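Student: Attaching a single structure in structure tokens format; questions to follow.
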Amino acid sequence: METITSVSQMQEFVLAARQQGKIIGFVPTMGYLHQGHFSLMEEGRKCCDLLVLSIFVNPTQFGQGEDFDSYPRDLSRDSKLAASAGVDVIFAPTPEQMYPDGCDTNVHVAKLTENLCGASRPGHFDGVTTVVSKLFNIVQPHKAFFGMKDFQQLAVIKKMVNDLNMTVDVIGMPIVREKDGLAMSSRNTYLTANLRQQGLSLVDSIRKVIARAQAGEKCASVLITMAKQRIAQEPDAVVDYIQICHDQTLKDVACVDEHSVILLAVRFGLTRLIDNHYVLREL
Ligand code: AMP
């Protein structure tokens, strides 16, 4: 496995691979790898000849007061894990290598970014779509793998790829959870045992909503109130949003159907957790 930090070296590497007719798979991450990232790497390994993993904590997608500085970083740990997952190349640039001349050009996806995390983290998705565009231009992948854990991010990236006629095939993979149901996240490492226990209220509230919807309750506001009541039982929980949205438009819905997804963002102390699930599907 190679580790490349320079943009031009990465471009030369993939150009040679493309000339050899290789199918390039790409998994963009911010590192501190866990099983959620592994499922993306495993899928990439299965259907591509060359698997590139990027590890880049992108400063432009963090707002002021967010956790850019404290975000967990450990390249040597990640390198061992990536090698065991069959990654061929880690692309791990510094912010200076990614933004040597600042960043005056922005990719902005309208509409889909207005709700949910777009509303609670202003500017976040411009940071994401711009850096993912740059990474796509550098890595030139045929296929790129993203997790449904970041449901809105996946929808926004698919829209960007479609609108800008990018040739990459964007593949979404299901959420990987801990045994007790907590969605895996690099940010889980911030949680004390007590806050982690409180964090289980996300998946618990999702389960309750699914059960009630399957029992016939179709009114989104009733289901959201149920979820809010469950989260409110936790002393340190501060809700950022709990909404039920259409899976494609990401607009709030009044009545749930097979397109409806419940999405939650809740802070526990300084840690913001997100989770989601289709309301009418088994968890
Ligand atoms: P991150 O390093 O958190 O930016 O995540 C990199 C990629 O891994 C994104 O496409 C995430 O959606 C995906 N991912 C993160 N956590 C999970 C998870 N628990 N299950 C599936 N995919 C995940």
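Numbering starts fresh at 1 for the residues of each chain in the structure tokens, the chains themselves are lettered A, B, ... in the order given, and ligands are numbered from 1 as they appear.
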Would you pick out the contacts of A:Thr94 at 12 Å or less, using only C-alpha atoms, so that residues sharing its chain but fewer than 3 positions from it are not included, and give the list as JSON, numbers by chain?

Tutor: {"A": [4, 5, 6, 7, 30, 54, 55, 56, 57, 58, 59, 75, 91, 97, 98, 99, 100]}

Student: Find the residues near ligand 1. Use a cut-off of 6 Å, count only C-alpha atoms and all ligand atoms, and write them as a list of chain:residue names.

Tutor: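 Selection of residues at most 6 Å from ligand 1: A:Pro28, A:Thr29, A:Met30, A:Gly31, A:Gly36, A:His37, A:Phe146, A:Gly147, A:Met148, A:Lys149, A:Asp150, A:Pro174, A:Ile175, A:Val176, A:Arg177, A:Ala183, A:Met184, A:Ser185.
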
Student: Could you find all residues in stretch 52-165 of chain A that DSSP calls strand (DSSP E) from the backbone, and write them as a PDB file with N, CA, C and O atoms, in the first residue's frame?

Tutor:
ATOM      1  N   VAL A  52      -8.610   3.620  -3.812  1.00  0.00           N
ATOM      2  CA  VAL A  52      -7.980   4.794  -3.198  1.00  0.00           C
ATOM      3  C   VAL A  52      -8.837   5.238  -2.012  1.00  0.00           C
ATOM      4  O   VAL A  52     -10.057   5.370  -2.134  1.00  0.00           O
ATOM      5  N   LEU A  53      -8.170   5.455  -0.891  1.00  0.00           N
ATOM      6  CA  LEU A  53      -8.838   5.970   0.308  1.00  0.00           C
ATOM      7  C   LEU A  53      -8.251   7.353   0.580  1.00  0.00           C
ATOM      8  O   LEU A  53      -7.031   7.486   0.649  1.00  0.00           O
ATOM      9  N   SER A  54      -9.107   8.353   0.690  1.00  0.00           N
ATOM     10  CA  SER A  54      -8.536   9.649   1.096  1.00  0.00           C
ATOM     11  C   SER A  54      -8.824   9.883   2.561  1.00  0.00           C
ATOM     12  O   SER A  54      -9.873   9.494   3.087  1.00  0.00           O
ATOM     13  N   ILE A  55      -7.844  10.481   3.217  1.00  0.00           N
ATOM     14  CA  ILE A  55      -7.971  10.860   4.625  1.00  0.00           C
ATOM     15  C   ILE A  55      -7.637  12.344   4.674  1.00  0.00           C
ATOM     16  O   ILE A  55      -6.492  12.746   4.458  1.00  0.00           O
ATOM     17  N   VAL A  89      -3.994   2.644  -2.201  1.00  0.00           N
ATOM     18  CA  VAL A  89      -3.344   3.945  -2.016  1.00  0.00           C
ATOM     19  C   VAL A  89      -4.137   4.772  -1.017  1.00  0.00           C
ATOM     20  O   VAL A  89      -5.359   4.906  -1.139  1.00  0.00           O
ATOM     21  N   ILE A  90      -3.409   5.332  -0.030  1.00  0.00           N
ATOM     22  CA  ILE A  90      -4.021   6.351   0.825  1.00  0.00           C
ATOM     23  C   ILE A  90      -3.592   7.704   0.275  1.00  0.00           C
ATOM     24  O   ILE A  90      -2.401   7.946   0.043  1.00  0.00           O
ATOM     25  N   PHE A  91      -4.569   8.564   0.055  1.00  0.00           N
ATOM     26  CA  PHE A  91      -4.257   9.943  -0.313  1.00  0.00           C
ATOM     27  C   PHE A  91      -4.510  10.797   0.916  1.00  0.00           C
ATOM     28  O   PHE A  91      -5.651  10.907   1.380  1.00  0.00           O
ATOM     29  N   LYS A 143     -15.801   4.884  -9.569  1.00  0.00           N
ATOM     30  CA  LYS A 143     -16.845   4.664  -8.561  1.00  0.00           C
ATOM     31  C   LYS A 143     -16.399   5.290  -7.243  1.00  0.00           C
ATOM     32  O   LYS A 143     -15.230   5.165  -6.862  1.00  0.00           O
ATOM     33  N   ALA A 144     -17.361   5.928  -6.551  1.00  0.00           N
ATOM     34  CA  ALA A 144     -17.037   6.503  -5.234  1.00  0.00           C
ATOM     35  C   ALA A 144     -18.084   6.024  -4.233  1.00  0.00           C
ATOM     36  O   ALA A 144     -19.273   5.945  -4.551  1.00  0.00           O
ATOM     37  N   PHE A 145     -17.626   5.730  -3.031  1.00  0.00           N
ATOM     38  CA  PHE A 145     -18.470   5.070  -2.022  1.00  0.00           C
ATOM     39  C   PHE A 145     -18.689   5.999  -0.830  1.00  0.00           C
ATOM     40  O   PHE A 145     -17.731   6.524  -0.258  1.00  0.00           O
ATOM     41  N   PHE A 146     -19.964   6.180  -0.507  1.00  0.00           N
ATOM     42  CA  PHE A 146     -20.351   7.063   0.595  1.00  0.00           C
ATOM     43  C   PHE A 146     -21.332   6.317   1.501  1.00  0.00           C
ATOM     44  O   PHE A 146     -22.074   5.447   1.036  1.00  0.00           O
ATOM     45  N   GLY A 147     -21.378   6.719   2.781  1.00  0.00           N
ATOM     46  CA  GLY A 147     -22.268   6.062   3.719  1.00  0.00           C
ATOM     47  C   GLY A 147     -23.611   6.768   3.823  1.00  0.00           C
ATOM     48  O   GLY A 147     -23.697   7.994   3.746  1.00  0.00           O
TER      49      GLY A 147
END

Student: Using DSSP assignments from the backbone, pull out every residue in stretch 203-232 of chain A that falls under alpha helix (DSSP H) and give it to me as a list in words.

Tutor: Val203, Asp204, Ser205, Ile206, Arg207, Lys208, Val209, Ile210, Ala211, Arg212, Ala213, Gln214, Ala220, Ser221, Val222, Leu223, Ile224, Thr225, Met226, Ala227, Lys228, Gln229, Arg230, Ile231 and Ala232 of chain A

Student: Need to verify the contact set: A:Arg272, 9 Å, only C-alpha atoms, exclusion of same-chain residues closer than 4 positions in sequence. Can you return it as a PyMOL selection string?

Tutor: chain A and resi 187+240+265-268

Student: Keeping only C-alpha atoms, take the residues you just selected and write them out as a CSV table (one decimal), in the first residue's frame.

Tutor:
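Below you can see again_16.csv, which holds the result:
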chain,number,residue,atom,x,y,z
A,187,ARG,CA,-16.8,11.3,16.9
A,240,ASP,CA,-30.4,20.1,16.8
A,265,ALA,CA,-29.0,15.4,15.0
A,266,VAL,CA,-28.5,15.7,18.8
A,267,ARG,CA,-25.8,17.1,20.9
A,268,PHE,CA,-24.5,15.3,24.0

Student: Taking only residues of stretch 69-96 of chain A that have an atom at most 12 Å from an atom of stretch 120-138 of chain A, what is each one's shortest atom pair and its distance in Å to one decimal, using only C-alpha atoms, in chain and number order, as CSV?

Tutor:
residue,atom,partner,partner_atom,distance
A:Phe91,CA,A:Leu135,CA,9.5
A:Ala92,CA,A:Leu135,CA,10.9
A:Pro93,CA,A:Leu135,CA,10.4
A:Pro95,CA,A:Val131,CA,10.7

Student: Taking only C-alpha atoms into account, which of A:Gly181, A:Gly172, A:Leu202, A:Leu116 comes nearest A:Tyr241?

Tutor: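 Once distances to A:Tyr241 are computed over only C-alpha atoms, the minimum belongs to A:Leu116.
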
Student: Show me, as a list in words, the residues that have an atom within 12 Å of A:Thr192 when counting only C-alpha atoms, minus same-chain residues fewer than 6 positions from it.

Tutor: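 Once the nearby chain positions are removed, what remains is Gln198, Gly199, Asp236, Phe268, Gly269, Leu270 and Thr271 of chain A.
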
Student: A:Ala110, A:Ile210, A:Ala232, A:Ile262: which is nearest A:Glu282, counting only C-alpha atoms?

Tutor: A:Ile210

Student: A:His34, A:Lys228, A:Lys251, A:Arg281: which is nearest A:Thr113, counting only C-alpha atoms?

Tutor: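 So, comparing all the options, the nearest one is A:Lys251.
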
Student: Looking at A:Ser221, A:Ser186, A:Gln243, A:Ser260, which one is nearest to A:Cys117, with distances taken over only C-alpha atoms?

Tutor: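 Closest residue, counting only C-alpha atoms: A:Gln243.
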
Student: Between A:Ser8, A:Gln248, A:Asn106, A:Gln233, which has the minimum distance to A:Ala155 (counting only C-alpha atoms)?

Tutor: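 Once distances to A:Ala155 are computed over only C-alpha atoms, the minimum belongs to A:Gln248.
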
Student: With a distance cut-off of 9 Å and only C-alpha atoms, select the neighbouring residues of stretch 19-23 of chain A, excluding the residue or stretch itself and same-chain residues fewer than 4 positions from it, and output the selection as number ranges by chain.

Tutor: A: 14-15, 47-51, 141-143

Student: Could you save those same residues with C-alpha atoms as a PDB file, in the first residue's frame?

Tutor:
ATOM      1  CA  VAL A  14      -4.271   7.481 -11.254  1.00  0.00           C
ATOM      2  CA  LEU A  15      -3.499   8.634 -14.788  1.00  0.00           C
ATOM      3  CA  CYS A  47     -15.844  -3.969  -7.630  1.00  0.00           C
ATOM      4  CA  CYS A  48     -12.690  -1.996  -8.491  1.00  0.00           C
ATOM      5  CA  ASP A  49      -9.107  -2.755  -9.587  1.00  0.00           C
ATOM      6  CA  LEU A  50      -7.462   0.102  -7.721  1.00  0.00           C
ATOM      7  CA  LEU A  51      -8.835   1.288  -4.394  1.00  0.00           C
ATOM      8  CA  PRO A 141     -12.515   7.608  -9.767  1.00  0.00           C
ATOM      9  CA  HIS A 142     -14.945   5.494 -11.762  1.00  0.00           C
ATOM     10  CA  LYS A 143     -16.845   4.664  -8.561  1.00  0.00           C
TER      11      LYS A 143
END

Student: Using only C-alpha atoms, find the one residue out of A:Val209, A:Leu40, A:Ile157, A:Ala17 that sits nearest to A:Arg230.

Tutor: A:Val209
